[in-house]
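**Q** Below is run06.cif; it holds mmCIF, C-alpha atoms.
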```cif
data_entry
#
loop_
_atom_site.label_atom_id
_atom_site.label_comp_id
_atom_site.auth_asym_id
_atom_site.auth_seq_id
_atom_site.Cartn_x
_atom_site.Cartn_y
_atom_site.Cartn_z
CA MET A 1 0.11 -25.70 -2.52
CA LEU A 2 -2.77 -24.72 -0.27
CA SER A 3 -2.61 -21.49 1.69
CA ALA A 4 -3.17 -21.67 5.45
CA ARG A 5 -6.76 -20.50 4.93
CA GLY A 6 -7.31 -23.01 2.12
CA ALA A 7 -5.92 -25.80 4.27
CA ALA A 8 -8.25 -24.86 7.13
CA LEU A 9 -11.24 -24.87 4.78
CA ALA A 10 -10.18 -28.26 3.44
CA ALA A 11 -10.10 -29.62 6.99
CA TRP A 12 -13.62 -28.27 7.64
CA ALA A 13 -14.86 -29.92 4.47
CA ARG A 14 -13.33 -33.28 5.40
CA ALA A 15 -14.86 -33.09 8.87
CA ALA A 16 -18.30 -32.25 7.49
CA GLU A 17 -18.45 -34.40 4.38
CA GLY A 18 -15.50 -36.81 4.34
CA PRO A 19 -12.79 -36.71 1.66
CA LEU A 20 -13.59 -34.71 -1.45
CA GLY A 21 -14.05 -36.83 -4.55
CA ALA A 22 -11.82 -36.50 -7.57
CA ALA A 23 -14.58 -34.68 -9.44
CA GLU A 24 -14.60 -31.94 -6.83
CA GLY A 25 -10.94 -31.04 -7.13
CA PRO A 26 -8.76 -29.60 -4.35
CA LEU A 27 -10.40 -27.02 -2.15
CA GLY A 28 -7.58 -24.57 -2.68
CA ALA A 29 -8.14 -24.51 -6.45
CA ALA A 30 -10.39 -22.07 -8.24
CA GLY A 31 -13.58 -23.26 -9.88
CA PRO A 32 -16.76 -25.19 -8.96
CA GLY A 33 -14.88 -27.76 -6.85
CA ARG A 34 -13.89 -25.16 -4.28
CA ALA A 35 -17.29 -23.47 -4.28
CA GLY A 36 -19.05 -26.82 -4.00
CA ALA A 37 -16.93 -27.81 -1.02
CA LEU A 38 -17.61 -24.50 0.70
CA ARG A 39 -21.34 -24.87 0.12
CA SER A 40 -21.29 -28.30 1.73
CA LEU A 41 -19.96 -26.86 4.99
CA ARG A 42 -23.24 -25.21 6.00
CA ARG A 43 -21.31 -23.13 8.49
CA PRO A 44 -20.10 -19.51 8.41
CA LEU A 45 -16.92 -18.59 6.57
CA PRO A 46 -15.13 -15.86 8.57
CA LEU A 47 -14.37 -12.66 6.71
CA PRO A 48 -10.72 -11.80 7.46
CA GLY A 49 -11.17 -8.63 9.49
CA PRO A 50 -13.22 -5.46 8.97
CA GLY A 51 -13.30 -3.48 5.75
CA ARG A 52 -10.55 -2.50 3.36
CA SER A 53 -7.81 -2.94 5.97
CA ALA A 54 -8.57 -6.68 5.96
CA ALA A 55 -7.86 -6.90 2.25
CA GLN A 56 -4.52 -5.21 2.87
CA ARG A 57 -3.55 -7.34 5.89
CA ASP A 58 -4.62 -10.69 4.42
CA PRO A 59 -5.06 -10.18 0.68
CA GLN A 60 -5.05 -13.90 -0.13
CA GLY A 61 -7.65 -14.78 2.48
CA TRP A 62 -9.81 -11.86 1.39
CA GLN A 63 -9.57 -12.87 -2.28
CA GLU A 64 -10.35 -16.52 -1.52
CA THR A 65 -13.48 -15.51 0.38
CA LEU A 66 -14.48 -13.11 -2.39
CA ASP A 67 -13.94 -15.75 -5.10
CA ALA A 68 -15.94 -18.37 -3.20
CA THR A 69 -18.83 -15.92 -2.73
CA VAL A 70 -18.93 -14.87 -6.37
CA SER A 71 -18.72 -18.51 -7.51
CA ALA A 72 -21.64 -19.52 -5.30
CA LEU A 73 -23.74 -16.64 -6.63
CA GLN A 74 -22.90 -17.33 -10.26
CA GLU A 75 -23.96 -20.96 -9.81
CA GLY A 76 -27.41 -19.79 -8.73
CA GLY A 77 -26.98 -19.95 -4.96
CA LEU A 78 -27.91 -17.56 -2.17
CA VAL A 79 -25.25 -16.07 0.10
CA ALA A 80 -25.53 -14.35 3.47
CA VAL A 81 -23.32 -11.26 3.67
CA PRO A 82 -22.69 -8.40 6.10
CA THR A 83 -23.66 -4.89 5.00
CA ASP A 84 -23.28 -1.47 6.59
CA THR A 85 -26.59 -1.86 8.45
CA ILE A 86 -27.67 -5.49 9.01
CA TYR A 87 -26.95 -8.95 7.57
CA GLY A 88 -28.37 -9.53 4.12
CA ILE A 89 -29.10 -12.39 1.76
CA ALA A 90 -28.00 -11.94 -1.83
CA GLY A 91 -28.59 -13.70 -5.14
CA LEU A 92 -28.15 -12.67 -8.76
CA ALA A 93 -30.96 -10.27 -9.62
CA GLN A 94 -30.86 -11.25 -13.29
CA SER A 95 -31.44 -14.91 -12.38
CA SER A 96 -35.15 -15.66 -12.03
CA GLY A 97 -34.29 -18.88 -10.21
CA ALA A 98 -32.27 -17.02 -7.57
CA VAL A 99 -35.04 -14.45 -7.13
CA HIS A 100 -37.61 -17.19 -6.50
CA LYS A 101 -35.25 -18.85 -4.03
CA ILE A 102 -35.08 -15.62 -2.02
CA TYR A 103 -38.87 -15.38 -1.79
CA ASN A 104 -39.11 -19.02 -0.72
CA LEU A 105 -36.42 -18.53 1.92
CA LYS A 106 -38.08 -15.40 3.29
CA GLY A 107 -41.41 -17.19 3.56
CA ARG A 108 -43.34 -14.56 1.66
CA ASN A 109 -44.99 -14.16 -1.73
CA GLY A 110 -43.65 -12.02 -4.56
CA GLY A 111 -45.74 -9.00 -3.59
CA LYS A 112 -43.02 -7.42 -1.45
CA PRO A 113 -40.21 -5.98 -3.56
CA LEU A 114 -36.53 -6.86 -3.41
CA ALA A 115 -33.81 -4.24 -3.68
CA ILE A 116 -30.85 -4.49 -6.01
CA CYS A 117 -27.30 -4.04 -4.78
CA LEU A 118 -24.62 -2.51 -7.00
CA GLY A 119 -20.92 -1.92 -6.58
CA ASP A 120 -20.66 1.61 -7.98
CA VAL A 121 -22.89 4.65 -8.49
CA GLU A 122 -22.33 4.67 -12.26
CA HIS A 123 -23.92 1.22 -12.52
CA ILE A 124 -27.27 2.66 -11.39
CA TYR A 125 -27.83 4.08 -14.88
CA ARG A 126 -27.78 0.57 -16.39
CA TYR A 127 -30.86 -0.54 -14.49
CA CYS A 128 -32.71 2.65 -13.54
CA HIS A 129 -34.01 5.89 -15.01
CA VAL A 130 -32.42 8.62 -12.89
CA ASN A 131 -33.90 12.13 -12.61
CA VAL A 132 -31.65 13.56 -9.89
CA PRO A 133 -28.10 14.91 -10.20
CA GLU A 134 -25.30 12.37 -10.00
CA GLU A 135 -23.80 14.49 -7.22
CA LEU A 136 -26.90 13.73 -5.12
CA LEU A 137 -26.44 10.00 -5.69
CA ARG A 138 -22.82 10.26 -4.60
CA ASP A 139 -23.76 12.28 -1.51
CA LEU A 140 -25.93 9.37 -0.33
CA LEU A 141 -24.11 6.35 -1.76
CA PRO A 142 -22.28 4.29 -0.70
CA GLY A 143 -24.22 4.50 2.52
CA PRO A 144 -27.11 3.15 4.63
CA VAL A 145 -29.77 4.39 2.20
CA THR A 146 -32.01 2.66 -0.35
CA LEU A 147 -32.97 4.89 -3.28
CA VAL A 148 -36.21 3.96 -5.06
CA LEU A 149 -36.08 4.83 -8.75
CA GLN A 150 -37.86 4.00 -11.99
CA ARG A 151 -36.55 0.68 -13.27
CA SER A 152 -35.24 0.33 -16.82
CA GLU A 153 -35.76 -2.42 -19.39
CA GLY A 154 -32.34 -3.82 -18.51
CA LEU A 155 -33.56 -5.27 -15.22
CA ASN A 156 -34.89 -8.83 -14.95
CA LYS A 157 -38.66 -8.71 -15.54
CA ASP A 158 -39.19 -11.44 -12.94
CA LEU A 159 -37.75 -9.19 -10.23
CA ASN A 160 -40.65 -7.23 -8.71
CA PRO A 161 -42.85 -7.60 -11.84
CA PHE A 162 -45.73 -5.84 -10.06
CA THR A 163 -44.02 -2.43 -9.92
CA SER A 164 -42.19 -0.05 -12.23
CA LEU A 165 -39.89 0.96 -9.36
CA VAL A 166 -36.83 -0.64 -7.79
CA GLY A 167 -34.82 0.09 -4.66
CA VAL A 168 -31.07 0.51 -5.11
CA ARG A 169 -28.46 -0.20 -2.42
CA ILE A 170 -24.74 0.49 -2.49
CA PRO A 171 -23.73 -0.37 1.07
CA ASN A 172 -20.76 1.31 2.70
CA HIS A 173 -19.15 -2.08 3.20
CA THR A 174 -16.10 -3.05 1.15
CA PHE A 175 -16.81 -6.76 0.86
CA ILE A 176 -20.33 -6.68 -0.54
CA ARG A 177 -19.39 -3.89 -2.93
CA GLU A 178 -16.50 -5.97 -4.26
CA VAL A 179 -18.84 -8.94 -4.63
CA ALA A 180 -21.27 -6.80 -6.63
CA GLN A 181 -18.44 -5.44 -8.79
CA ALA A 182 -17.21 -8.96 -9.54
CA CYS A 183 -20.62 -10.24 -10.64
CA SER A 184 -21.91 -9.67 -14.15
CA GLY A 185 -25.04 -7.87 -12.98
CA PRO A 186 -26.87 -6.54 -9.93
CA LEU A 187 -27.47 -8.54 -6.77
CA ALA A 188 -30.95 -9.03 -5.39
CA LEU A 189 -30.63 -8.12 -1.72
CA THR A 190 -32.91 -8.62 1.26
CA SER A 191 -32.49 -8.84 5.02
CA ALA A 192 -31.26 -12.12 6.50
CA ASN A 193 -34.40 -13.03 8.39
CA ILE A 194 -37.80 -14.54 7.79
CA SER A 195 -40.41 -11.89 7.02
CA THR A 196 -42.00 -10.34 10.15
CA ARG A 197 -38.95 -11.26 12.29
CA ALA A 198 -36.34 -8.82 13.56
CA SER A 199 -33.35 -7.86 11.44
CA THR A 200 -30.12 -9.68 12.27
CA LEU A 201 -26.75 -8.34 13.39
CA THR A 202 -24.84 -11.63 13.75
CA VAL A 203 -24.86 -14.82 11.69
CA SER A 204 -26.06 -16.89 14.67
CA GLU A 205 -29.31 -14.90 14.72
CA PHE A 206 -30.42 -16.41 11.41
CA GLN A 207 -29.03 -19.90 11.95
CA ASP A 208 -32.39 -21.44 10.98
CA LEU A 209 -31.78 -20.20 7.43
CA TRP A 210 -28.29 -21.68 7.04
CA PRO A 211 -29.43 -24.95 5.39
CA GLN A 212 -31.01 -22.94 2.55
CA LEU A 213 -27.88 -20.89 1.86
CA SER A 214 -24.93 -21.76 -0.34
CA LEU A 215 -22.52 -19.74 1.79
CA ILE A 216 -22.59 -17.66 4.98
CA ILE A 217 -20.00 -14.90 5.29
CA ASP A 218 -19.37 -14.02 8.93
CA GLY A 219 -18.24 -10.41 9.23
CA GLY A 220 -18.77 -10.32 12.99
CA ALA A 221 -21.39 -8.33 14.87
CA ILE A 222 -22.75 -5.28 13.04
CA GLY A 223 -23.16 -2.52 15.60
CA ASP A 224 -24.52 -2.96 19.11
CA ILE A 225 -26.64 -6.10 19.18
CA GLN A 226 -28.42 -4.79 22.30
CA SER A 227 -29.54 -1.59 20.56
CA PRO A 228 -32.89 -1.64 18.71
CA GLU A 229 -31.70 1.34 16.65
CA CYS A 230 -29.00 -0.85 15.08
CA ARG A 231 -31.71 -3.11 13.62
CA LEU A 232 -33.59 -0.38 11.76
CA GLY A 233 -32.01 -1.13 8.40
CA SER A 234 -31.40 1.39 5.66
CA THR A 235 -33.40 4.56 5.18
CA VAL A 236 -35.65 4.02 2.13
CA VAL A 237 -36.47 7.09 0.05
CA ASP A 238 -38.45 7.34 -3.19
CA LEU A 239 -36.78 9.61 -5.76
CA SER A 240 -38.83 8.49 -8.74
CA VAL A 241 -40.70 11.81 -9.08
CA SER A 242 -38.67 14.80 -10.25
CA GLY A 243 -38.14 17.49 -7.61
CA LYS A 244 -39.70 15.43 -4.81
CA TYR A 245 -38.80 12.75 -2.31
CA THR A 246 -40.89 10.43 -0.15
CA ILE A 247 -39.57 8.63 2.92
CA ILE A 248 -40.83 5.07 2.70
CA ARG A 249 -38.94 3.81 5.76
CA PRO A 250 -37.13 6.10 8.24
CA GLY A 251 -34.39 3.56 8.90
CA CYS A 252 -31.07 4.43 10.50
CA ALA A 253 -30.04 7.47 8.43
CA LEU A 254 -33.18 9.59 8.26
CA THR A 255 -31.84 12.94 9.50
CA PRO A 256 -28.74 13.22 7.27
CA THR A 257 -30.71 11.93 4.27
CA VAL A 258 -33.45 14.55 4.67
CA GLU A 259 -30.86 17.30 5.14
CA ILE A 260 -29.12 16.37 1.91
CA LEU A 261 -32.32 16.05 -0.11
CA GLY A 262 -34.11 19.10 1.26
CA LYS A 263 -31.45 21.60 2.26
CA LYS A 264 -28.72 20.89 -0.28
CA TYR A 265 -30.81 19.97 -3.33
CA GLY A 266 -34.12 21.67 -2.57
CA LEU A 267 -36.32 18.62 -3.08
CA THR A 268 -39.83 18.79 -1.65
CA SER A 269 -41.02 16.20 0.82
CA GLU A 270 -44.13 14.26 -0.13
CA PRO A 271 -46.08 12.06 2.32
CA SER A 272 -45.93 8.31 1.92
CA CYS A 273 -49.04 6.57 0.65
CA SER A 274 -48.47 3.62 2.99
#
```
Could I get this structure in the form of structure tokens?

**A**
Amino acid sequence: MLSARGAALAAWARAAEGPLGAAEGPLGAAGPGRAGALRSLRRPLPLPGPGRSAAQRDPQGWQETLDATVSALQEGGLVAVPTDTIYGIAGLAQSSGAVHKIYNLKGRNGGKPLAICLGDVEHIYRYCHVNVPEELLRDLLPGPVTLVLQRSEGLNKDLNPFTSLVGVRIPNHTFIREVAQACSGPLALTSANISTRASTLTVSEFQDLWPQLSLIIDGGAIGDIQSPECRLGSTVVDLSVSGKYTIIRPGCALTPTVEILGKKYGLTSEPSCS
């Protein structure tokens, strides 16, 4: 029997596409039928409330949304998701097809790198060579910071093939971390906007991209949409050289990041080459 949320999604699908065929299966069931129906909606799927409390208040709705997102990603699609800074677009980083889809959607060539998103700090060691203490990683992550590290052989060679570095994100947002944990590898993550345009804080701000996405997860407005500071994105810091750090993008968490790196761990600041 369909849950209330499953029944509502089924009604949306019928309104958008007509009755689901027998090959699709019922929308409330697990598997490609449900994910395919959700993808056909081309409209945002509301995330049931903010953060971990949502999973506790509506565990079934939370799990259904999580399952649909993971299914869409595993079938090679791109998904829009809220993070702790701005809205992002995610695909499987180990899928070359998904990586190319992201570049096409962003309207840029492959010369601008994509970050990877992981669910836990310990997963960083699978895809990166780390030369800082684990305590430092845990002081910054999860959080609004992208750490640039030396990539390892375990990362898809078609992801940023022009550089030996990769940016790592572990957002302080329960939903995207659970998505990353449920996938078999890292997510490729970029901002939900066309290159050169402003970062987005609501799903309506990137509505022109909806037709190219398998699923849009609406987590509500992220911060104050009237504040330019809320659109700065994560602070990007290069930690690939032992004992040093370089701020690549100041972002929204510059001051606390510099205090942790310099004052607590004694790393030396190096100027950016850009």

**Q** Given the PyMOL selection byres ((chain A and resi 92-106) around 10) and the file above, list the residues it selects as a ChimeraX atom specification.

**A** /A:70,73-79,89-91,107-117,154-160,180,183-197,209,212-213

**Q** Using all atoms listed in the file, pick whichever of A:Val236, A:Val148, A:Leu215, A:Ile225 has the shortest atom-to-atom distance to Ser199 (chain A).

**A** A:Ile225

**Q** Contacts of Ser164 (chain A) at 8 Å or less, counting only C-alpha atoms, minus same-chain residues fewer than 3 places along, as a list of chain:residue names?

**A** A:Gln150, A:Arg151, A:Pro161

**Q** So the first atom is CA of Glu122 (chain A) and the second is CA of Gly243 (chain A); what is the distance between them in Å, to one decimal place?

**A**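 Between CA of Glu122 (chain A) and CA of Gly243 (chain A) the gap is 20.9 Å.
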
**Q** If we count only C-alpha atoms and set the cut-off at 9 Å, which residues sit around Ile176 (chain A), ignoring sequence neighbours fewer than 2 positions away in its own chain? Please answer as a ChimeraX atom specification.

**A** /A:66,81-83,117-119,170-174,178-181

**Q** Out of A:Asp238, A:Glu259, A:Asp139, A:Asp208, which residue has the shortest atom-to-atom distance to Ser272 (chain A) when counting all atoms listed in the file?

**A**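 With all atoms listed in the file as the atom set, the closest residue is A:Asp238.
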
**Q** Considering all atoms listed in the file, can you say which of A:Pro142, A:Pro250, A:Gly219, A:Pro133 comes closest to Gly266 (chain A)?

**A** A:Pro133

**Q** Can you turn the PyMOL selection byres ((chain A and resi 229) around 12) into a concrete residue list for this file, as a list in words?

**A**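 Selected by the PyMOL selection byres ((chain A and resi 229) around 12) here: Thr85, Ile86, Ala198, Ser199, Thr200, Leu201, Ile222, Gly223, Asp224, Ile225, Gln226, Ser227, Pro228, Cys230, Arg231, Leu232, Gly233, Ser234, Pro250, Gly251, Cys252, Ala253 and Leu254 of chain A.
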
**Q** Could you list the residues chosen by the PyMOL selection byres ((chain A and resi 46) around 6) in this structure as a list in words?

**A**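 So the PyMOL selection byres ((chain A and resi 46) around 6), applied here, picks out Leu45, Leu47, Ile217 and Asp218 of chain A.
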